[in-house]
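Enquirer: Please find one structure pasted underneath; my questions will follow.
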Amino acid sequence: MSDRRDFLRFLAASPLYAGLPWAAQALAQAPDAEPMVTRAQDALDVFDLEKVASKTIPMSHWGYLMTGVDGEETLRANREAYAHWQLRTRRLVDLSKMDMSVELFGHRYASPIFLCPLGYQKAFNPGGEVAVARAAKTRDALQILSTVSSTSIDDVIKAREAPIWYQLYTTNNLDVAIKLVKQAEAAGAIAVAMTVDLPIGRNTETATRLARADTRTCTSCHGPTGPSMTGRPMFAGLGLSGPLVNATPALTWDFIRRLKDATNMKVLVKGLESGEDAALAVKYGCDGVMVSNHGGRATETARGTLESLPEIVAAVKGRIPVLVDGGVRRGTDALKALALGATAVGIGRPYIWGLGAFGQEGVERTMDVLNNELRLAMGGVGARRLKEITPAALIRRA
Ligand SMILES: Cc1cc2nc3c(=O)[nH]c(=O)nc-3n(C[C@H](O)[C@H](O)[C@H](O)COP(=O)(O)O)c2cc1C
């Protein structure tokens with residue numbers, strides 16, 4: 001649930017309460033009476049959208065969206081990492097012309113905040129990935145489409161009316177991975193981000209508990225044995241024989257060579273958290289790296305991604321773009337990641353809250369809220385364009 005409501009509950013029980021301004025006292029007394037927004041445009045932060053989505057998304061799907069692995073310490077670490085940094089403000093800089101746009105592989109996007117690949121989006125709203133693509137189009141944002149998308153890549157690119165990036169799950173059959181990549185390229189994707197953080201599966205404890213608590217009959221969407229990868233549109237027409245598993249225990253850096261030989265798309269690895277791996281990514285010819293721990297859904301008790309970012313930036317030495325995701329909920333979070341050397345900053349759950357709450361408009365509102373917060377944060381540190389966001393904009397919390 002939202003940080004803000006937790007905070008208000010904390011305030012209500014705190015000795016500080018008596019000294020609070022009247023409005024804050026009123027809110028702290030009745031946090032649950034806080035009205036839910038009924039229109040996307042009324043959401044003041046992404047947590048307003050989260051609150052609506054928590055009611056509109058069915059319980060088992062909410063569990064799939066919100067949870068991490070084991071005891072969810074990595075999930076928490078992603079958020080906490082941002083609180084370790086504060087902004088170091090600069091004043092009296094001429095901010096009359098500001099530009100938040102970013103260029104990646106020859107394409108310019110309006111903002112460095114991009115939409116991470118996230119599977120099965122029709123589970124959150126019937127509009128699914130097409131609604132997200134339409135929102136990405138109106139906001140000129142980078143969208144990365146998951147291998148386990150609930151919509152075909154052709155339909156998504158048609159809705160986006162511009163190239164997107166494709167996220168690759170290699171599965172237990174690398175020949176299928178190559179087929180998937182060629183299919184994405186033929187459809188018009190311009191980059192492939194190969195996710196490498198789930199080599200042997202994961203333990204999604206809380207999601208499983210919430211799925212058990214969901215009393216609906218799910219076989220019409222998931223089939224009798226639960227969700228299957230091969231039933232997803234990305235796999236239709238590939239002539240598959242036999243089931244696929246989303247785990248590639250034998251995957252090594254050598255596959256990058258095979259991937260690069262198979263496609264003209266830019267190749268990125270998604271799911272790196274160490275400088276050594278980032279250096280290997282450069283050595284094996286990757287065009288970019290994505291610092292990610294799958295939103296706290298891969299290795300448990302890892303660092304927050306913001307903590308991993310500096311060593312990766314140091315290892316890459318500016319040779320290829322470094323993208324980061326995990327726990328970004330505010331424009332100030334995005335600014336902190338950019339200041340620590342990220343080229344662009346991804347969001348996962350927040351845009352799905354928007355999607356679940358209000359479809360395309362909700363995704364647009366998510367981007368508007370975060371982009372506006374980033375613009376204000378840039379103004380606060382005297383940065384007019386992304387290049388002017390430097391480590392000097394940050395100070396480690398004492
Ligand atoms: C429900 C859910 C599904 C996801 N599906 C995928 C996926 O299909 N492929 C992938 O590479 N990452 C996937 N991710 C990870 C996201 O791409 C991204 O790394 C993460 O959500 C960022 O963290 P955030 O949600 O805290 O913003 C998924 C994340 C969530 C929450």
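Chain labels follow the order of the structure tokens: the first chain is A, the next B, and so on; residue numbering restarts at 1 in every chain, and ligands are counted from 1 in their shown order.
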Would you list, as a ChimeraX atom specification, the residues of stretch 62-151 of chain A that end up in helix (DSSP H, G or I) under DSSP run on this structure's backbone?

Expert: /A:62-66,73-83,121-123,128-139

Enquirer: Using only C-alpha atoms and all ligand atoms, which residues have at least one atom no more than 7 Å from ligand 1? Output them as a PyMOL selection string.

Expert: chain A and resi 64-66+116-119+146-148+167+195+270+292-295+325-328+346-350

Enquirer: Taking only C-alpha atoms into account, name the residue in A:Val269, A:Leu376, A:Ala83, A:Val69 that is nearest to A:Glu205.

Expert: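 Of the candidates, the smallest distance to A:Glu205 is held by A:Val69.
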
Enquirer: Taking the chain letters and numbering used in this document, name the residues of stretch 69-301 of chain A that DSSP puts in strand (DSSP E or B), as a VMD selection string.

Expert: chain A and resid 85 to 87 99 102 to 104 107 to 109 113 to 115 143 to 145 165 to 168 191 to 195 266 to 272 288 to 291

Enquirer: If you count only C-alpha atoms, which residues fall within 9 Å of stretch 43-51 of chain A, apart from same-chain ones fewer than 4 positions away, as a list in words?

Expert: Met1, Ser2, Asp3, Arg4, Met36, Val37, Thr38, Arg39, Lys55, Arg329, Arg330, Arg349, Pro350, Tyr351, Ile352, Trp353, Gly354, Leu355, Gly356, Ala357, Phe358, Gly362, Arg365, Thr366, Val369 and Leu370 of chain A

Enquirer: Quick one: everything within 8 Å of stretch 122-135 of chain A, counting only C-alpha atoms, minus sequence neighbours fewer than 3 positions away in the same chain. Send it as a VMD selection string.

Expert: chain A and resid 57 to 58 61 138 to 139 143 145 149 to 151 155 to 157 159 to 160 352 355 to 356 359 to 361 363 to 364

Enquirer: So, with only C-alpha atoms as the atoms that count, which of A:Gly231, A:Pro35, A:Pro112, A:Pro199 lies closest to A:Ala337?

Expert: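 Going through A:Gly231, A:Pro35, A:Pro112, A:Pro199 one by one, the smallest distance to A:Ala337 is for A:Pro112.
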
Enquirer: Closest to A:Asn78 among A:Gly296, A:Gly285, A:Pro243, A:Gly63, using only C-alpha atoms?

Expert: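 Among A:Gly296, A:Gly285, A:Pro243, A:Gly63, it is A:Gly296 that comes nearest to A:Asn78.
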
Enquirer: Pick the closest to A:Ser308 from A:Ala339, A:Val181, A:Leu142, A:Leu272: which is it, counting only C-alpha atoms?

Expert: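 So, comparing all the options, the nearest one is A:Leu272.
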
Enquirer: List the spatial neighbours of A:Arg88 as a VMD selection string - criterion: any atom at most 7 Å away, only C-alpha atoms, same-chain residues fewer than 6 positions off excluded.

Expert: chain A and resid 381 393 to 395

Enquirer: Excluding A:Thr230 and residues on its chain fewer than 2 positions from it, collect all residues at most 7 Å away from it, counting only C-alpha atoms, and give them as a PyMOL selection string.

Expert: chain A and resi 228+232+235+243-244

Enquirer: Write out, as a PDB file, in the first residue's frame, the residues just selected, with all heavy atoms.

Expert:
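Output saved as result-v6.pdb:
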```pdb
ATOM      1  N   SER A 228       0.724 -20.396 -19.031  1.00  0.00           N
ATOM      2  CA  SER A 228       1.773 -21.073 -19.824  1.00  0.00           C
ATOM      3  C   SER A 228       2.418 -20.069 -20.769  1.00  0.00           C
ATOM      4  O   SER A 228       1.750 -19.188 -21.308  1.00  0.00           O
ATOM      5  CB  SER A 228       1.181 -22.232 -20.618  1.00  0.00           C
ATOM      6  OG  SER A 228       0.860 -21.810 -21.914  1.00  0.00           O
ATOM      7  N   ARG A 232       1.181 -17.674 -25.171  1.00  0.00           N
ATOM      8  CA  ARG A 232       1.212 -16.212 -25.338  1.00  0.00           C
ATOM      9  C   ARG A 232       1.425 -15.836 -26.797  1.00  0.00           C
ATOM     10  O   ARG A 232       2.113 -16.557 -27.534  1.00  0.00           O
ATOM     11  CB  ARG A 232       2.322 -15.598 -24.489  1.00  0.00           C
ATOM     12  CG  ARG A 232       2.213 -15.900 -23.032  1.00  0.00           C
ATOM     13  CD  ARG A 232       0.972 -15.267 -22.416  1.00  0.00           C
ATOM     14  NE  ARG A 232       0.494 -16.096 -21.310  1.00  0.00           N
ATOM     15  CZ  ARG A 232      -0.686 -15.940 -20.707  1.00  0.00           C
ATOM     16  NH1 ARG A 232      -1.501 -14.998 -21.110  1.00  0.00           N
ATOM     17  NH2 ARG A 232      -1.054 -16.727 -19.726  1.00  0.00           N
ATOM     18  N   PHE A 235       4.569 -16.358 -28.999  1.00  0.00           N
ATOM     19  CA  PHE A 235       5.015 -17.701 -29.379  1.00  0.00           C
ATOM     20  C   PHE A 235       4.135 -18.308 -30.477  1.00  0.00           C
ATOM     21  O   PHE A 235       4.478 -19.343 -31.031  1.00  0.00           O
ATOM     22  CB  PHE A 235       5.029 -18.619 -28.151  1.00  0.00           C
ATOM     23  CG  PHE A 235       6.030 -18.187 -27.109  1.00  0.00           C
ATOM     24  CD1 PHE A 235       5.658 -17.337 -26.077  1.00  0.00           C
ATOM     25  CD2 PHE A 235       7.345 -18.597 -27.174  1.00  0.00           C
ATOM     26  CE1 PHE A 235       6.573 -16.908 -25.127  1.00  0.00           C
ATOM     27  CE2 PHE A 235       8.269 -18.177 -26.230  1.00  0.00           C
ATOM     28  CZ  PHE A 235       7.884 -17.332 -25.202  1.00  0.00           C
ATOM     29  N   PRO A 243       6.808 -28.104 -24.369  1.00  0.00           N
ATOM     30  CA  PRO A 243       6.636 -26.918 -23.522  1.00  0.00           C
ATOM     31  C   PRO A 243       7.943 -26.139 -23.349  1.00  0.00           C
ATOM     32  O   PRO A 243       9.028 -26.691 -23.509  1.00  0.00           O
ATOM     33  CB  PRO A 243       6.206 -27.515 -22.180  1.00  0.00           C
ATOM     34  CG  PRO A 243       6.701 -28.920 -22.195  1.00  0.00           C
ATOM     35  CD  PRO A 243       6.841 -29.348 -23.612  1.00  0.00           C
ATOM     36  N   LEU A 244       7.797 -24.864 -23.047  1.00  0.00           N
ATOM     37  CA  LEU A 244       8.969 -24.023 -22.757  1.00  0.00           C
ATOM     38  C   LEU A 244       8.923 -23.620 -21.292  1.00  0.00           C
ATOM     39  O   LEU A 244       7.853 -23.443 -20.729  1.00  0.00           O
ATOM     40  CB  LEU A 244       8.914 -22.746 -23.590  1.00  0.00           C
ATOM     41  CG  LEU A 244       9.243 -22.856 -25.058  1.00  0.00           C
ATOM     42  CD1 LEU A 244       9.085 -21.494 -25.696  1.00  0.00           C
ATOM     43  CD2 LEU A 244      10.655 -23.372 -25.267  1.00  0.00           C
TER      44      LEU A 244
END
```

Enquirer: Give me, as a ChimeraX atom specification, all polymer residues having an atom no more than 12 Å from A:Leu92, counting only C-alpha atoms and skipping those fewer than 3 positions away in the same chain.

Expert: /A:89,95-96,379-383

Enquirer: Could you check which of A:Arg108, A:Tyr166, A:Val176, A:Lys317 is closest to A:Ser241, using only C-alpha atoms?

Expert: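 Among A:Arg108, A:Tyr166, A:Val176, A:Lys317, it is A:Val176 that comes nearest to A:Ser241.
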
Enquirer: Residues of stretch 243-307 of chain A within 9 Å of stretch 182-189 of chain A: nearest atom pair and distance (Å, one decimal) for each, counting only C-alpha atoms, sorted by chain and number, as a Markdown table?

Expert:
```
| residue | atom | partner | partner_atom | distance |
| --- | --- | --- | --- | --- |
| A:Ala262 | CA | A:Lys182 | CA | 7.3 |
| A:Thr263 | CA | A:Lys182 | CA | 6.6 |
| A:Asn264 | CA | A:Glu185 | CA | 7.9 |
| A:Met265 | CA | A:Glu185 | CA | 6.8 |
```

Enquirer: So how far away is atom CA of A:Leu240 from atom CA of A:Thr170, in Å?

Expert: 14.1 Å

Enquirer: Rank A:Ile312, A:Gln86, A:Ala279, A:Val291 by their smallest atom-to-atom distance to A:Val324, using only C-alpha atoms, and report the top residue only.

Expert: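 With only C-alpha atoms as the atom set, the closest residue is A:Val291.
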